[in-house]
Structures are given as C-alpha cells and as structure tokens.
Amino acid sequence: MTDPKKIVLLGATGSIGDSVLRVIRKHQDSLELLGISGHSNFAKLIEIAKEFKVPHAHLVKEPGNIGSFPETTRFSFGNKALLELASMEESDICVVAIVGAAGLQPTLSAIESGQDIVLANKESLVMGGELVMKTAKERDVRIIPADSEHNAVFQCIQGECNRQLESIILTASGGALRDTPIEKLPEVTLEETLLHPNWSMGPKVTIDSATMANKGLELIEAHWLFGLPPEKLEVVIHPSSITHAIVRFIDGCCLAQLSPPSMTFALQNAILFPNRLEGVEQSLDFSKPIDLSFYPPSPKRFPCLQLARESLQAGGSAPLAFNASNEIAVEAFRANRIGFMEIPSIIKDTLNMHDSSQAHSLEELLNLDSDIRRLAHERVLAHS
C-alpha cells in the first residue's frame, strides 16, 4: 500500500474547499490533509482542523482568540505565513481554491516549492499566465486544472498527445438569469442573481456565472493551460451542465466529458490523478432522459464574455485588467452601489482607460493590478 498523498488546501472554508473535503473524507486511506487556509471564517477552520487532525492551519485575517484549535494544530495568520503554508516541502499537492486575484502569489509559491498544483483559481492564469506557466516549466511542476470545464478538457486529451487538437468548446449554464428578458436585466436584484439553477457556488462566482464573466476568465485560462489561440476557443450555452467541455481534433472528431453538476467529480479527478477511485456522488443515470442541448450565447445578454475575449486577443495585461475591473464591479453590485448591467460597463470603461502594457514579474503584476483597481473604483463612483 502506498503512502497517502499529502495535501495543502488553500481556501478550505469556501465552496470549493467543501467539495475537496468531501473527496478527502471519502478517500482517507489515499489522501492526507497537511495544511488548510481560510480567509476570515475562524470557526469553520477550527472544525476542519479538528475533524481531519490537520497539523497546520492559517487565516488571512487575525482572529481575536486562537485558543480553540487542537494542541496538535499550529495556527498562523498573515500573508507571509500563507506563502510558507503554500510552499511546505512535505506537501505532495497544493490545491489552490482561493477566490480571485489573491490566489496568484500563493500559486507561484507552491510552484516554486516543486509540488504539483491542483488549480481551482482561474485568476492566477488570467493575471499571470505567462509567469505561472514559465515557472511551472522551470520547476517541472504539473498544473492539473480543477475547474469542471478545464478538467474536462484535461481528461479528454489524455493519451491524445500525438493527435492534433483543433479547438476547445467550453460549456456554460448561462447562470441564474439566462431566461430573464434582456430588457429586465438592468433591474434584477442581487438575490435573483444568486439563484443559480445547477451549481452551488460562492456569491462572487455565482454573479460571474450570471454575467458570463466566469466563462470569459475560463477562455483566458484555457489559452494558457492548453496552448490554443483565441480563435480556437469556443463557448456554448448548455443549460443542464452535464457536458463540461468538448474537444475537437483536426479530423473532425469530438470528445466530451460528462458528469453531474458537482465539483467533486473534477476535483477528485485532479487530486487523485492519474488514478481513479469510487466517486463521492452518483454518476449519471442514462435510464432517464438527459438534456444535451447546446446553443450560442447572446452577445447582448452576455457582454462580459465578449469583453473577456477582446482582452485575450489584445494580450499583454489586458486580461489582468478585465479580471481586476470585474472584481471591483462585482463588489459594487453586491454592495448595491451599481446595477447588474453596469458591471460590463465598468469593465469596458476600465479596459478603455488602461494601457495594455506587459508585466513580467510578480511585483509588476501586483502593482499593475492595484493601479487598475483604482481605475475601476473611479468608474464605480462615476456610475453610483
């Protein structure tokens, strides 16, 4: 019997973290939780530490009291300690499930340490795709995608290294508002936006699903993960969220990956790769009707998707600018400072004001990200 894989889970208290913990709970003989991090949910971090007997726990924000952790758990807080957790030498895999731009620096630290990366943070590649992929190549580190769409592509191309990939088709549910009349979108509420029909996700990602900014970010991520140019990356609406991606080869043949809409399938595949074990949840039941319909997204309904594609085509720091301005706009929408359809307006205004320069180092990327967020804040004020 082989030793269990040792895992550091960054973002343990979020929705992706919950799914990772379900996988570890199912396969405790094969997986061992070495370290966990959370943002501010101190109580949940303690629960996880106790259940899985985790030796290392980290919180981004300093709590008032740290007396509730087991004596065997070493607790830390602050950015420096987070980077140390991400780069632990004893770890075999670092699962990056942090939401947003905050995932870039820990991802790079984990890569520098030489461990494999299970990446559930698309913003790392959107912001710093060139730097992340270059560093991974230099360190001979595998980046295994854990987003359902990219993991689906990853599964479809295994064993196909000598057969030329023509294009990738990412599927999208269309989010909570896919059937809302377009003329009513400016008046939709936050509560309506968060009622996703298929997936259980955090609020930021659920809003991104409704605008399809998330699919735009995934296009950019797919470009870096699989090396295809923008014109060979497609998006289709697939309401049932059963087919997660399709790959097309030069001979015209297409392969697709199907599973129920739960993150446990993609995460288990990524964490246990190359092995397959019994799943956490039931597979598809083909004795019942299954909807496999697809249709193209409407540019009028989903302008964020087109803005993301334009930023990918522009190159340089334009994808970083798209991500930063989207995060600021979504924060403003959640705070009821702007309307739903002002999210793409703020992104577009910020992209138009931004000089798409190239950033090559982590410091340059973080400084540029800060500058763009200031621009986006100004656009929010102008719309408020």
# chains A, B, ... in the order shown; residues from 1 in each chain; ligands from 1
call {"tool": "residues_around", "arguments": {"residues": "A:Val188", "least_positions_apart": "2", "cutoff": "9 Å", "atoms": "only C-alpha atoms", "output": "PyMOL selection string"}}
result
chain A and resi 177+180+184-186+190-193+339-341
call {"tool": "write_last_selection", "arguments": {"atoms": "all heavy atoms", "output": "compact mmCIF listing (two decimals), in the first residue's frame"}}
result
# COMPACT_ATOMS: atom_id res chain seq x y z
N LEU A 177 -29.82 34.03 -14.63
CA LEU A 177 -30.67 34.96 -15.38
C LEU A 177 -30.76 34.61 -16.86
O LEU A 177 -31.15 35.45 -17.66
CB LEU A 177 -30.13 36.39 -15.21
CG LEU A 177 -29.89 36.85 -13.77
CD1 LEU A 177 -29.22 38.21 -13.75
CD2 LEU A 177 -31.20 36.89 -12.99
N THR A 180 -34.17 35.32 -18.19
CA THR A 180 -34.77 36.63 -17.88
C THR A 180 -34.78 37.49 -19.14
O THR A 180 -33.77 37.57 -19.83
CB THR A 180 -33.94 37.34 -16.78
OG1 THR A 180 -33.90 36.50 -15.62
CG2 THR A 180 -34.56 38.68 -16.41
N LYS A 184 -35.23 43.37 -18.88
CA LYS A 184 -35.40 43.40 -17.42
C LYS A 184 -34.08 43.25 -16.66
O LYS A 184 -34.05 43.39 -15.44
CB LYS A 184 -36.38 42.29 -16.99
CG LYS A 184 -37.81 42.51 -17.47
CD LYS A 184 -38.75 41.50 -16.85
CE LYS A 184 -40.19 41.73 -17.30
NZ LYS A 184 -40.72 43.05 -16.88
N LEU A 185 -32.99 42.95 -17.36
CA LEU A 185 -31.71 42.71 -16.68
C LEU A 185 -31.20 43.91 -15.87
O LEU A 185 -30.62 43.71 -14.80
CB LEU A 185 -30.65 42.27 -17.70
CG LEU A 185 -30.83 40.87 -18.29
CD1 LEU A 185 -29.77 40.58 -19.34
CD2 LEU A 185 -30.80 39.80 -17.20
N PRO A 186 -31.39 45.16 -16.35
CA PRO A 186 -30.90 46.28 -15.53
C PRO A 186 -31.55 46.38 -14.15
O PRO A 186 -30.98 46.98 -13.24
CB PRO A 186 -31.25 47.51 -16.39
CG PRO A 186 -31.29 47.00 -17.79
CD PRO A 186 -31.88 45.62 -17.66
N LEU A 190 -29.74 41.44 -6.46
CA LEU A 190 -28.66 40.54 -6.07
C LEU A 190 -29.21 39.16 -5.75
O LEU A 190 -28.62 38.13 -6.14
CB LEU A 190 -27.91 41.11 -4.86
CG LEU A 190 -26.81 40.23 -4.25
CD1 LEU A 190 -25.70 39.96 -5.26
CD2 LEU A 190 -26.25 40.89 -2.99
N GLU A 191 -30.33 39.12 -5.04
CA GLU A 191 -30.91 37.84 -4.64
C GLU A 191 -31.28 37.00 -5.87
O GLU A 191 -31.06 35.78 -5.89
CB GLU A 191 -32.16 38.08 -3.77
CG GLU A 191 -31.88 38.63 -2.38
CD GLU A 191 -31.42 40.09 -2.40
OE1 GLU A 191 -31.73 40.81 -3.37
OE2 GLU A 191 -30.75 40.50 -1.43
N GLU A 192 -31.83 37.64 -6.89
CA GLU A 192 -32.19 36.92 -8.12
C GLU A 192 -30.93 36.39 -8.82
O GLU A 192 -30.93 35.28 -9.36
CB GLU A 192 -32.95 37.85 -9.07
CG GLU A 192 -34.35 38.21 -8.58
CD GLU A 192 -34.98 39.29 -9.45
OE1 GLU A 192 -34.29 40.28 -9.77
OE2 GLU A 192 -36.17 39.15 -9.80
N THR A 193 -29.88 37.17 -8.79
CA THR A 193 -28.64 36.79 -9.46
C THR A 193 -27.98 35.58 -8.81
O THR A 193 -27.30 34.80 -9.48
CB THR A 193 -27.66 37.99 -9.45
OG1 THR A 193 -28.32 39.14 -9.93
CG2 THR A 193 -26.44 37.73 -10.29
N GLY A 339 -26.08 48.81 -10.68
CA GLY A 339 -26.99 47.79 -11.17
C GLY A 339 -26.25 46.67 -11.88
O GLY A 339 -25.07 46.78 -12.20
N PHE A 340 -26.99 45.60 -12.15
CA PHE A 340 -26.39 44.40 -12.74
C PHE A 340 -25.73 44.70 -14.08
O PHE A 340 -24.59 44.27 -14.34
CB PHE A 340 -27.47 43.32 -12.90
CG PHE A 340 -26.99 42.06 -13.54
CD1 PHE A 340 -26.21 41.16 -12.83
CD2 PHE A 340 -27.31 41.76 -14.86
CE1 PHE A 340 -25.75 39.98 -13.42
CE2 PHE A 340 -26.87 40.58 -15.46
CZ PHE A 340 -26.09 39.70 -14.73
N MET A 341 -26.40 45.42 -14.96
CA MET A 341 -25.86 45.68 -16.29
C MET A 341 -24.80 46.77 -16.31
O MET A 341 -24.22 47.05 -17.37
CB MET A 341 -26.98 46.00 -17.27
CG MET A 341 -27.86 44.81 -17.62
SD MET A 341 -26.92 43.36 -18.21
CE MET A 341 -26.38 43.91 -19.83
call {"tool": "select_by_dssp", "arguments": {"residues": "stretch 197-353 of chain A", "states": "strand (DSSP E)", "output": "number ranges by chain"}}
result
A: 233-237, 243-249, 254-258
call {"tool": "residues_around", "arguments": {"residues": "stretch 288-292 of chain A", "least_positions_apart": "4", "cutoff": "8 Å", "atoms": "only C-alpha atoms", "output": "NGL selection string"}}
result
:A and (238 or 240 or 242-243)
call {"tool": "write_last_selection", "arguments": {"atoms": "C-alpha atoms", "output": "PDB file, in the first residue's frame"}}
result
ATOM      1  CA  HIS A 238     -25.608  24.086 -22.151  1.00  0.00           C
ATOM      2  CA  SER A 240     -28.220  21.121 -17.939  1.00  0.00           C
ATOM      3  CA  ILE A 242     -23.830  17.798 -17.752  1.00  0.00           C
ATOM      4  CA  THR A 243     -21.334  18.141 -20.605  1.00  0.00           C
TER       5      THR A 243
END
call {"tool": "residues_around", "arguments": {"residues": "A:Phe226", "least_positions_apart": "5", "cutoff": "12 Å", "atoms": "only C-alpha atoms", "output": "PDB file with all heavy atoms, in the first residue's frame"}}
result
ATOM      1  N   LEU A 125      -4.010  32.312 -13.626  1.00  0.00           N
ATOM      2  CA  LEU A 125      -3.584  32.262 -15.022  1.00  0.00           C
ATOM      3  C   LEU A 125      -4.087  33.475 -15.804  1.00  0.00           C
ATOM      4  O   LEU A 125      -3.437  33.906 -16.754  1.00  0.00           O
ATOM      5  CB  LEU A 125      -4.071  30.970 -15.677  1.00  0.00           C
ATOM      6  CG  LEU A 125      -3.364  29.699 -15.196  1.00  0.00           C
ATOM      7  CD1 LEU A 125      -3.975  28.468 -15.826  1.00  0.00           C
ATOM      8  CD2 LEU A 125      -1.874  29.753 -15.497  1.00  0.00           C
ATOM      9  N   GLY A 129      -0.579  34.419 -16.498  1.00  0.00           N
ATOM     10  CA  GLY A 129      -0.449  33.150 -17.209  1.00  0.00           C
ATOM     11  C   GLY A 129       0.956  32.871 -17.701  1.00  0.00           C
ATOM     12  O   GLY A 129       1.479  31.763 -17.529  1.00  0.00           O
ATOM     13  N   MET A 133       3.030  29.722 -16.021  1.00  0.00           N
ATOM     14  CA  MET A 133       3.368  28.567 -16.862  1.00  0.00           C
ATOM     15  C   MET A 133       4.882  28.448 -17.052  1.00  0.00           C
ATOM     16  O   MET A 133       5.434  27.342 -17.079  1.00  0.00           O
ATOM     17  CB  MET A 133       2.672  28.671 -18.217  1.00  0.00           C
ATOM     18  CG  MET A 133       1.142  28.669 -18.123  1.00  0.00           C
ATOM     19  SD  MET A 133       0.439  27.284 -17.187  1.00  0.00           S
ATOM     20  CE  MET A 133       0.771  25.913 -18.311  1.00  0.00           C
ATOM     21  N   ILE A 143       0.559  21.366 -13.487  1.00  0.00           N
ATOM     22  CA  ILE A 143      -0.627  22.127 -13.106  1.00  0.00           C
ATOM     23  C   ILE A 143      -1.828  21.356 -13.633  1.00  0.00           C
ATOM     24  O   ILE A 143      -2.037  21.269 -14.838  1.00  0.00           O
ATOM     25  CB  ILE A 143      -0.590  23.558 -13.669  1.00  0.00           C
ATOM     26  CG1 ILE A 143       0.596  24.330 -13.087  1.00  0.00           C
ATOM     27  CG2 ILE A 143      -1.908  24.279 -13.365  1.00  0.00           C
ATOM     28  CD1 ILE A 143       0.713  25.755 -13.580  1.00  0.00           C
ATOM     29  N   ILE A 144      -2.594  20.795 -12.722  1.00  0.00           N
ATOM     30  CA  ILE A 144      -3.762  19.992 -13.090  1.00  0.00           C
ATOM     31  C   ILE A 144      -5.003  20.839 -12.834  1.00  0.00           C
ATOM     32  O   ILE A 144      -5.270  21.223 -11.696  1.00  0.00           O
ATOM     33  CB  ILE A 144      -3.818  18.687 -12.286  1.00  0.00           C
ATOM     34  CG1 ILE A 144      -2.505  17.901 -12.452  1.00  0.00           C
ATOM     35  CG2 ILE A 144      -5.014  17.841 -12.713  1.00  0.00           C
ATOM     36  CD1 ILE A 144      -2.422  16.663 -11.582  1.00  0.00           C
ATOM     37  N   PRO A 145      -5.768  21.158 -13.876  1.00  0.00           N
ATOM     38  CA  PRO A 145      -6.926  22.031 -13.683  1.00  0.00           C
ATOM     39  C   PRO A 145      -8.051  21.339 -12.938  1.00  0.00           C
ATOM     40  O   PRO A 145      -8.343  20.161 -13.171  1.00  0.00           O
ATOM     41  CB  PRO A 145      -7.348  22.381 -15.120  1.00  0.00           C
ATOM     42  CG  PRO A 145      -6.836  21.259 -15.953  1.00  0.00           C
ATOM     43  CD  PRO A 145      -5.587  20.769 -15.282  1.00  0.00           C
ATOM     44  N   HIS A 150     -12.162  22.922 -17.461  1.00  0.00           N
ATOM     45  CA  HIS A 150     -10.768  22.658 -17.834  1.00  0.00           C
ATOM     46  C   HIS A 150     -10.340  21.248 -17.454  1.00  0.00           C
ATOM     47  O   HIS A 150      -9.539  20.631 -18.149  1.00  0.00           O
ATOM     48  CB  HIS A 150      -9.855  23.695 -17.189  1.00  0.00           C
ATOM     49  CG  HIS A 150     -10.219  25.095 -17.584  1.00  0.00           C
ATOM     50  ND1 HIS A 150     -11.066  25.871 -16.836  1.00  0.00           N
ATOM     51  CD2 HIS A 150      -9.877  25.825 -18.663  1.00  0.00           C
ATOM     52  CE1 HIS A 150     -11.227  27.033 -17.440  1.00  0.00           C
ATOM     53  NE2 HIS A 150     -10.524  27.036 -18.544  1.00  0.00           N
ATOM     54  N   ASN A 151     -10.894  20.743 -16.351  1.00  0.00           N
ATOM     55  CA  ASN A 151     -10.596  19.362 -16.011  1.00  0.00           C
ATOM     56  C   ASN A 151     -11.213  18.421 -17.033  1.00  0.00           C
ATOM     57  O   ASN A 151     -10.638  17.377 -17.355  1.00  0.00           O
ATOM     58  CB  ASN A 151     -11.109  19.026 -14.605  1.00  0.00           C
ATOM     59  CG  ASN A 151     -10.762  17.620 -14.184  1.00  0.00           C
ATOM     60  OD1 ASN A 151     -11.590  16.718 -14.280  1.00  0.00           O
ATOM     61  ND2 ASN A 151      -9.530  17.399 -13.765  1.00  0.00           N
ATOM     62  N   VAL A 153     -11.539  19.084 -20.265  1.00  0.00           N
ATOM     63  CA  VAL A 153     -10.598  19.097 -21.393  1.00  0.00           C
ATOM     64  C   VAL A 153      -9.392  18.231 -21.066  1.00  0.00           C
ATOM     65  O   VAL A 153      -8.942  17.421 -21.893  1.00  0.00           O
ATOM     66  CB  VAL A 153     -10.153  20.538 -21.714  1.00  0.00           C
ATOM     67  CG1 VAL A 153      -9.081  20.535 -22.809  1.00  0.00           C
ATOM     68  CG2 VAL A 153     -11.338  21.392 -22.136  1.00  0.00           C
ATOM     69  N   PHE A 154      -8.868  18.397 -19.871  1.00  0.00           N
ATOM     70  CA  PHE A 154      -7.709  17.623 -19.407  1.00  0.00           C
ATOM     71  C   PHE A 154      -7.972  16.123 -19.537  1.00  0.00           C
ATOM     72  O   PHE A 154      -7.121  15.361 -20.012  1.00  0.00           O
ATOM     73  CB  PHE A 154      -7.413  18.004 -17.955  1.00  0.00           C
ATOM     74  CG  PHE A 154      -6.288  17.253 -17.304  1.00  0.00           C
ATOM     75  CD1 PHE A 154      -4.967  17.556 -17.604  1.00  0.00           C
ATOM     76  CD2 PHE A 154      -6.548  16.254 -16.376  1.00  0.00           C
ATOM     77  CE1 PHE A 154      -3.926  16.861 -16.994  1.00  0.00           C
ATOM     78  CE2 PHE A 154      -5.521  15.558 -15.766  1.00  0.00           C
ATOM     79  CZ  PHE A 154      -4.208  15.867 -16.075  1.00  0.00           C
ATOM     80  N   CYS A 156     -10.192  14.683 -21.546  1.00  0.00           N
ATOM     81  CA  CYS A 156     -10.429  14.312 -22.952  1.00  0.00           C
ATOM     82  C   CYS A 156      -9.139  14.179 -23.761  1.00  0.00           C
ATOM     83  O   CYS A 156      -9.101  13.442 -24.747  1.00  0.00           O
ATOM     84  CB  CYS A 156     -11.344  15.334 -23.620  1.00  0.00           C
ATOM     85  SG  CYS A 156     -13.072  15.230 -23.122  1.00  0.00           S
ATOM     86  N   ILE A 157      -8.093  14.896 -23.363  1.00  0.00           N
ATOM     87  CA  ILE A 157      -6.869  14.869 -24.179  1.00  0.00           C
ATOM     88  C   ILE A 157      -5.824  13.883 -23.663  1.00  0.00           C
ATOM     89  O   ILE A 157      -4.756  13.756 -24.267  1.00  0.00           O
ATOM     90  CB  ILE A 157      -6.237  16.280 -24.306  1.00  0.00           C
ATOM     91  CG1 ILE A 157      -5.789  16.810 -22.936  1.00  0.00           C
ATOM     92  CG2 ILE A 157      -7.203  17.254 -24.977  1.00  0.00           C
ATOM     93  CD1 ILE A 157      -5.053  18.142 -23.010  1.00  0.00           C
ATOM     94  N   CYS A 161      -1.685  12.824 -27.203  1.00  0.00           N
ATOM     95  CA  CYS A 161      -0.559  13.731 -27.408  1.00  0.00           C
ATOM     96  C   CYS A 161      -0.070  13.746 -28.864  1.00  0.00           C
ATOM     97  O   CYS A 161       0.513  14.732 -29.320  1.00  0.00           O
ATOM     98  CB  CYS A 161       0.593  13.396 -26.468  1.00  0.00           C
ATOM     99  SG  CYS A 161       1.203  11.701 -26.614  1.00  0.00           S
ATOM    100  N   GLN A 164      -3.545  15.914 -33.268  1.00  0.00           N
ATOM    101  CA  GLN A 164      -3.598  17.369 -33.192  1.00  0.00           C
ATOM    102  C   GLN A 164      -4.964  17.874 -32.732  1.00  0.00           C
ATOM    103  O   GLN A 164      -5.998  17.530 -33.294  1.00  0.00           O
ATOM    104  CB  GLN A 164      -3.259  17.965 -34.565  1.00  0.00           C
ATOM    105  CG  GLN A 164      -2.663  19.354 -34.470  1.00  0.00           C
ATOM    106  CD  GLN A 164      -1.975  19.745 -35.766  1.00  0.00           C
ATOM    107  OE1 GLN A 164      -1.526  18.898 -36.516  1.00  0.00           O
ATOM    108  NE2 GLN A 164      -1.901  21.021 -36.021  1.00  0.00           N
ATOM    109  N   LEU A 165      -4.929  18.742 -31.718  1.00  0.00           N
ATOM    110  CA  LEU A 165      -6.135  19.360 -31.183  1.00  0.00           C
ATOM    111  C   LEU A 165      -6.504  20.551 -32.057  1.00  0.00           C
ATOM    112  O   LEU A 165      -5.684  21.431 -32.306  1.00  0.00           O
ATOM    113  CB  LEU A 165      -5.875  19.805 -29.740  1.00  0.00           C
ATOM    114  CG  LEU A 165      -7.040  20.304 -28.913  1.00  0.00           C
ATOM    115  CD1 LEU A 165      -8.088  19.210 -28.747  1.00  0.00           C
ATOM    116  CD2 LEU A 165      -6.532  20.761 -27.543  1.00  0.00           C
ATOM    117  N   GLU A 166      -7.757  20.584 -32.517  1.00  0.00           N
ATOM    118  CA  GLU A 166      -8.209  21.661 -33.390  1.00  0.00           C
ATOM    119  C   GLU A 166      -8.838  22.801 -32.602  1.00  0.00           C
ATOM    120  O   GLU A 166      -8.537  23.976 -32.826  1.00  0.00           O
ATOM    121  CB  GLU A 166      -9.222  21.120 -34.410  1.00  0.00           C
ATOM    122  CG  GLU A 166      -9.883  22.182 -35.279  1.00  0.00           C
ATOM    123  CD  GLU A 166      -8.898  22.953 -36.132  1.00  0.00           C
ATOM    124  OE1 GLU A 166      -7.789  22.420 -36.416  1.00  0.00           O
ATOM    125  OE2 GLU A 166      -9.208  24.087 -36.505  1.00  0.00           O
ATOM    126  N   SER A 167      -9.720  22.481 -31.655  1.00  0.00           N
ATOM    127  CA  SER A 167     -10.384  23.536 -30.882  1.00  0.00           C
ATOM    128  C   SER A 167     -10.947  22.958 -29.594  1.00  0.00           C
ATOM    129  O   SER A 167     -11.075  21.741 -29.427  1.00  0.00           O
ATOM    130  CB  SER A 167     -11.500  24.197 -31.699  1.00  0.00           C
ATOM    131  OG  SER A 167     -12.496  23.258 -32.040  1.00  0.00           O
ATOM    132  N   ILE A 168     -11.282  23.869 -28.673  1.00  0.00           N
ATOM    133  CA  ILE A 168     -11.878  23.506 -27.393  1.00  0.00           C
ATOM    134  C   ILE A 168     -13.203  24.250 -27.270  1.00  0.00           C
ATOM    135  O   ILE A 168     -13.279  25.452 -27.554  1.00  0.00           O
ATOM    136  CB  ILE A 168     -10.949  23.889 -26.221  1.00  0.00           C
ATOM    137  CG1 ILE A 168      -9.729  22.959 -26.176  1.00  0.00           C
ATOM    138  CG2 ILE A 168     -11.688  23.852 -24.890  1.00  0.00           C
ATOM    139  CD1 ILE A 168      -8.663  23.406 -25.201  1.00  0.00           C
ATOM    140  N   GLU A 218     -12.463  31.782 -18.038  1.00  0.00           N
ATOM    141  CA  GLU A 218     -12.101  30.405 -18.380  1.00  0.00           C
ATOM    142  C   GLU A 218     -11.523  30.294 -19.788  1.00  0.00           C
ATOM    143  O   GLU A 218     -10.668  29.441 -20.045  1.00  0.00           O
ATOM    144  CB  GLU A 218     -13.321  29.490 -18.217  1.00  0.00           C
ATOM    145  CG  GLU A 218     -13.685  29.263 -16.754  1.00  0.00           C
ATOM    146  CD  GLU A 218     -15.036  28.612 -16.574  1.00  0.00           C
ATOM    147  OE1 GLU A 218     -15.608  28.128 -17.580  1.00  0.00           O
ATOM    148  OE2 GLU A 218     -15.530  28.578 -15.437  1.00  0.00           O
ATOM    149  N   LEU A 219     -11.975  31.149 -20.701  1.00  0.00           N
ATOM    150  CA  LEU A 219     -11.364  31.196 -22.030  1.00  0.00           C
ATOM    151  C   LEU A 219      -9.883  31.555 -21.920  1.00  0.00           C
ATOM    152  O   LEU A 219      -9.023  30.939 -22.560  1.00  0.00           O
ATOM    153  CB  LEU A 219     -12.074  32.234 -22.907  1.00  0.00           C
ATOM    154  CG  LEU A 219     -13.405  31.858 -23.550  1.00  0.00           C
ATOM    155  CD1 LEU A 219     -13.971  33.061 -24.279  1.00  0.00           C
ATOM    156  CD2 LEU A 219     -13.244  30.685 -24.506  1.00  0.00           C
ATOM    157  N   ILE A 220      -9.612  32.573 -21.116  1.00  0.00           N
ATOM    158  CA  ILE A 220      -8.225  33.028 -20.929  1.00  0.00           C
ATOM    159  C   ILE A 220      -7.402  31.926 -20.267  1.00  0.00           C
ATOM    160  O   ILE A 220      -6.266  31.637 -20.668  1.00  0.00           O
ATOM    161  CB  ILE A 220      -8.190  34.325 -20.099  1.00  0.00           C
ATOM    162  CG1 ILE A 220      -8.980  35.428 -20.819  1.00  0.00           C
ATOM    163  CG2 ILE A 220      -6.751  34.766 -19.850  1.00  0.00           C
ATOM    164  CD1 ILE A 220      -9.301  36.626 -19.945  1.00  0.00           C
ATOM    165  N   GLU A 221      -7.978  31.288 -19.261  1.00  0.00           N
ATOM    166  CA  GLU A 221      -7.291  30.191 -18.568  1.00  0.00           C
ATOM    167  C   GLU A 221      -6.996  29.047 -19.533  1.00  0.00           C
ATOM    168  O   GLU A 221      -5.902  28.470 -19.517  1.00  0.00           O
ATOM    169  CB  GLU A 221      -8.163  29.706 -17.409  1.00  0.00           C
ATOM    170  CG  GLU A 221      -7.509  28.644 -16.544  1.00  0.00           C
ATOM    171  CD  GLU A 221      -8.413  28.157 -15.431  1.00  0.00           C
ATOM    172  OE1 GLU A 221      -9.600  28.524 -15.394  1.00  0.00           O
ATOM    173  OE2 GLU A 221      -7.934  27.374 -14.593  1.00  0.00           O
ATOM    174  N   LYS A 232      -9.518  29.548 -31.526  1.00  0.00           N
ATOM    175  CA  LYS A 232      -9.798  28.117 -31.420  1.00  0.00           C
ATOM    176  C   LYS A 232     -10.427  27.746 -30.068  1.00  0.00           C
ATOM    177  O   LYS A 232     -10.463  26.575 -29.688  1.00  0.00           O
ATOM    178  CB  LYS A 232      -8.535  27.303 -31.658  1.00  0.00           C
ATOM    179  CG  LYS A 232      -8.015  27.439 -33.099  1.00  0.00           C
ATOM    180  CD  LYS A 232      -6.990  26.396 -33.433  1.00  0.00           C
ATOM    181  CE  LYS A 232      -6.629  26.457 -34.913  1.00  0.00           C
ATOM    182  NZ  LYS A 232      -5.747  25.369 -35.332  1.00  0.00           N
ATOM    183  N   LEU A 233     -10.922  28.765 -29.362  1.00  0.00           N
ATOM    184  CA  LEU A 233     -11.594  28.560 -28.085  1.00  0.00           C
ATOM    185  C   LEU A 233     -13.034  29.036 -28.218  1.00  0.00           C
ATOM    186  O   LEU A 233     -13.285  30.199 -28.541  1.00  0.00           O
ATOM    187  CB  LEU A 233     -10.876  29.338 -26.972  1.00  0.00           C
ATOM    188  CG  LEU A 233      -9.399  28.973 -26.749  1.00  0.00           C
ATOM    189  CD1 LEU A 233      -8.750  29.958 -25.801  1.00  0.00           C
ATOM    190  CD2 LEU A 233      -9.270  27.545 -26.232  1.00  0.00           C
ATOM    191  N   VAL A 247     -13.735  18.618 -26.888  1.00  0.00           N
ATOM    192  CA  VAL A 247     -12.526  18.913 -27.664  1.00  0.00           C
ATOM    193  C   VAL A 247     -12.724  18.381 -29.083  1.00  0.00           C
ATOM    194  O   VAL A 247     -13.304  17.308 -29.284  1.00  0.00           O
ATOM    195  CB  VAL A 247     -11.251  18.314 -27.025  1.00  0.00           C
ATOM    196  CG1 VAL A 247     -11.015  18.916 -25.650  1.00  0.00           C
ATOM    197  CG2 VAL A 247     -11.315  16.797 -26.936  1.00  0.00           C
TER     198      VAL A 247
END
call {"tool": "select_by_dssp", "arguments": {"residues": "stretch 116-246 of chain A", "states": "alpha helix (DSSP H)", "output": "ChimeraX atom specification"}}
result
/A:123-139,148-156,190-193,203-211,213-226
call {"tool": "closest_residue", "arguments": {"among": "A:Ala120, A:Leu312, A:Ile111, A:Ala335", "to": "A:Leu228", "atoms": "only C-alpha atoms"}}
result
A:Leu312
call {"tool": "residues_around", "arguments": {"residues": "stretch 343-357 of chain A", "least_positions_apart": "3", "cutoff": "8 Å", "atoms": "only C-alpha atoms", "output": "MDAnalysis selection string"}}
result
chainID A and resid 303:304 307 314:318 321:322 325:326 329:330 333 338:340 372 375:376 379:380
call {"tool": "closest_atom_pairs", "arguments": {"of": "stretch 54-143 of chain A", "to": "stretch 12-26 of chain A", "cutoff": "12 Å", "atoms": "only C-alpha atoms", "output": "JSON lines"}}
result
{"residue": "A:Val54", "atom": "CA", "partner": "A:Ala12", "partner_atom": "CA", "distance": 11.6}
{"residue": "A:Ala57", "atom": "CA", "partner": "A:Ala12", "partner_atom": "CA", "distance": 9.7}
{"residue": "A:His58", "atom": "CA", "partner": "A:Ala12", "partner_atom": "CA", "distance": 9.8}
{"residue": "A:Leu59", "atom": "CA", "partner": "A:Thr13", "partner_atom": "CA", "distance": 10.0}
{"residue": "A:Val60", "atom": "CA", "partner": "A:Thr13", "partner_atom": "CA", "distance": 11.7}
{"residue": "A:Cys94", "atom": "CA", "partner": "A:Ala12", "partner_atom": "CA", "distance": 11.5}
{"residue": "A:Val95", "atom": "CA", "partner": "A:Val20", "partner_atom": "CA", "distance": 8.6}
{"residue": "A:Val96", "atom": "CA", "partner": "A:Gly17", "partner_atom": "CA", "distance": 9.1}
{"residue": "A:Ala97", "atom": "CA", "partner": "A:Ile16", "partner_atom": "CA", "distance": 6.0}
{"residue": "A:Ile98", "atom": "CA", "partner": "A:Gly14", "partner_atom": "CA", "distance": 7.9}
{"residue": "A:Val99", "atom": "CA", "partner": "A:Gly14", "partner_atom": "CA", "distance": 8.5}
{"residue": "A:Val118", "atom": "CA", "partner": "A:Val20", "partner_atom": "CA", "distance": 10.7}
{"residue": "A:Leu119", "atom": "CA", "partner": "A:Ile16", "partner_atom": "CA", "distance": 10.9}
{"residue": "A:Ala120", "atom": "CA", "partner": "A:Ile16", "partner_atom": "CA", "distance": 7.7}
{"residue": "A:Asn121", "atom": "CA", "partner": "A:Ile16", "partner_atom": "CA", "distance": 9.8}
call {"tool": "atom_distance", "arguments": {"atom1": "atom CA of A:Ser76", "atom2": "atom CA of A:Thr107"}}
result
18.4 Å
call {"tool": "residues_around", "arguments": {"residues": "A:Pro239", "least_positions_apart": "6", "cutoff": "10 Å", "atoms": "only C-alpha atoms", "output": "MDAnalysis selection string"}}
result
chainID A and resid 171:175 178 197:198 291:295
call {"tool": "residues_around", "arguments": {"residues": "A:Leu131", "least_positions_apart": "2", "cutoff": "8 Å", "atoms": "only C-alpha atoms", "output": "list in words"}}
result
Gly128, Gly129, Met133, Lys134, Thr135, His360, Ser361 and Leu362 of chain A
call {"tool": "atom_distance", "arguments": {"atom1": "atom CA of A:Ile46", "atom2": "atom CA of A:Phe75"}}
result
9.8 Å
